[in-house]
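> First, the structure itself, so that you have it in front of you.
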Amino acid sequence: MAVKKRFDFTKKNRHTKKLEKVGYLDFSGEEEEKRCSLYFYGDIVSSTWRAWSFEDRCPQDIADFLNQLDGYEDIDIYINSGGGDVFAGLAIYNQLKRYGGHKVGYVDGMAASIASVIMFACDELHFSTGAQAMIHKPLCITIGNADDHMESIKQLDMCENSILDVYEQHMKDGVTRESLKGLMAAETWFNGEELAEYFDVEVEERAAVAACGSDFFERYRNKPEAVAEVHTQEIVDAVIAEMENRESKRTEAIKLELLEDLYLYGA
């Protein structure tokens, strides 16, 4: 069996000023089996200092992640995100799209708004049973006079066309750009089977993640009942469970490192 090495990624929490683990890479000891994992389990933000959760991701996080690779490792990308900043999401999409290794995407629970763009950066996309995706027209808040609002409309139209350009590359034969534009205008939520009617995705029998928390949910009009009724305590419980799981894995990794050190010194 190939021996795996784990490399942790950390960044400084802007509230506590402490370094926190935000991701990891698992490398097999055999070259042909080298793979790594990337998680989008929070909101998409423009920069590190805008992240309110250790699960939030910005383009710099992805650049740091990809810079650790030689450009050819396969990446398993797991998504459970309520969306976020449009330009940050487009930047992440282009970063991943340029990466030379094979990218396999798994929508574990939700790929809403700009997260639905990021998922299409994958070479393969698997959609878990019960998971949700959402596409909609981009939105913003504008303060100012009529000229300011007109400029915002121009920017929103440009963003919408950029998003449609991505969707169009993955739509099925017979689906038109105009039909996708109509679905965006209506803020459309899809389960896996519904998404597969419009896009090239695979639906697989895997349980979806129980809860997805996002600062952007209150901006969406047509949230499915299952999403609208996710309670804060359920989100907290899910986050705590994930943190405990990671801490357990980290403790096990430390044990293995200590045993390796003892072995090297003949103990």
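Each chain of the structure tokens is named A, B, ... in the order shown, its residues numbered from 1; ligands are numbered from 1 in display order.
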Report as a Markdown table: every residue of segment 130-192 of chain A with an atom at most 12 Å from segment 92-102 of chain A, its closest pair of atoms, and their distance in Å to one decimal, counting only C-alpha atoms, with rows sorted by chain and ascending residue number.

```
| residue | atom | partner | partner_atom | distance |
| --- | --- | --- | --- | --- |
| A:Ser162 | CA | A:Tyr93 | CA | 11.3 |
| A:Ile163 | CA | A:Tyr93 | CA | 10.4 |
| A:Val166 | CA | A:Tyr93 | CA | 9.1 |
| A:Tyr167 | CA | A:Tyr93 | CA | 11.8 |
```
> Using only C-alpha atoms, can you tell me which of A:Asp148, A:Leu195, A:Ala63, A:Leu164 comes closest to Thr176 of chain A?
A:Leu164
> Fewer than 6 positions away in the same chain doesn't count, so skip those; otherwise give me all residues within 10 Å of Glu168 of chain A, counting only C-alpha atoms, as a list of chain:residue names.
A:Ser162, A:Val175, A:Thr176, A:Arg177, A:Leu180, A:Tyr198, A:Phe199
> Env of Asp61 of chain A: 9 Å cut, atoms = only C-alpha atoms, seq-sep filter 3 positions within chain, self excluded. Answer as a list of chain:residue names.
A:Lys11, A:Ser47, A:Thr48, A:Arg57, A:Cys58, A:Asp64, A:Phe65, A:Leu66
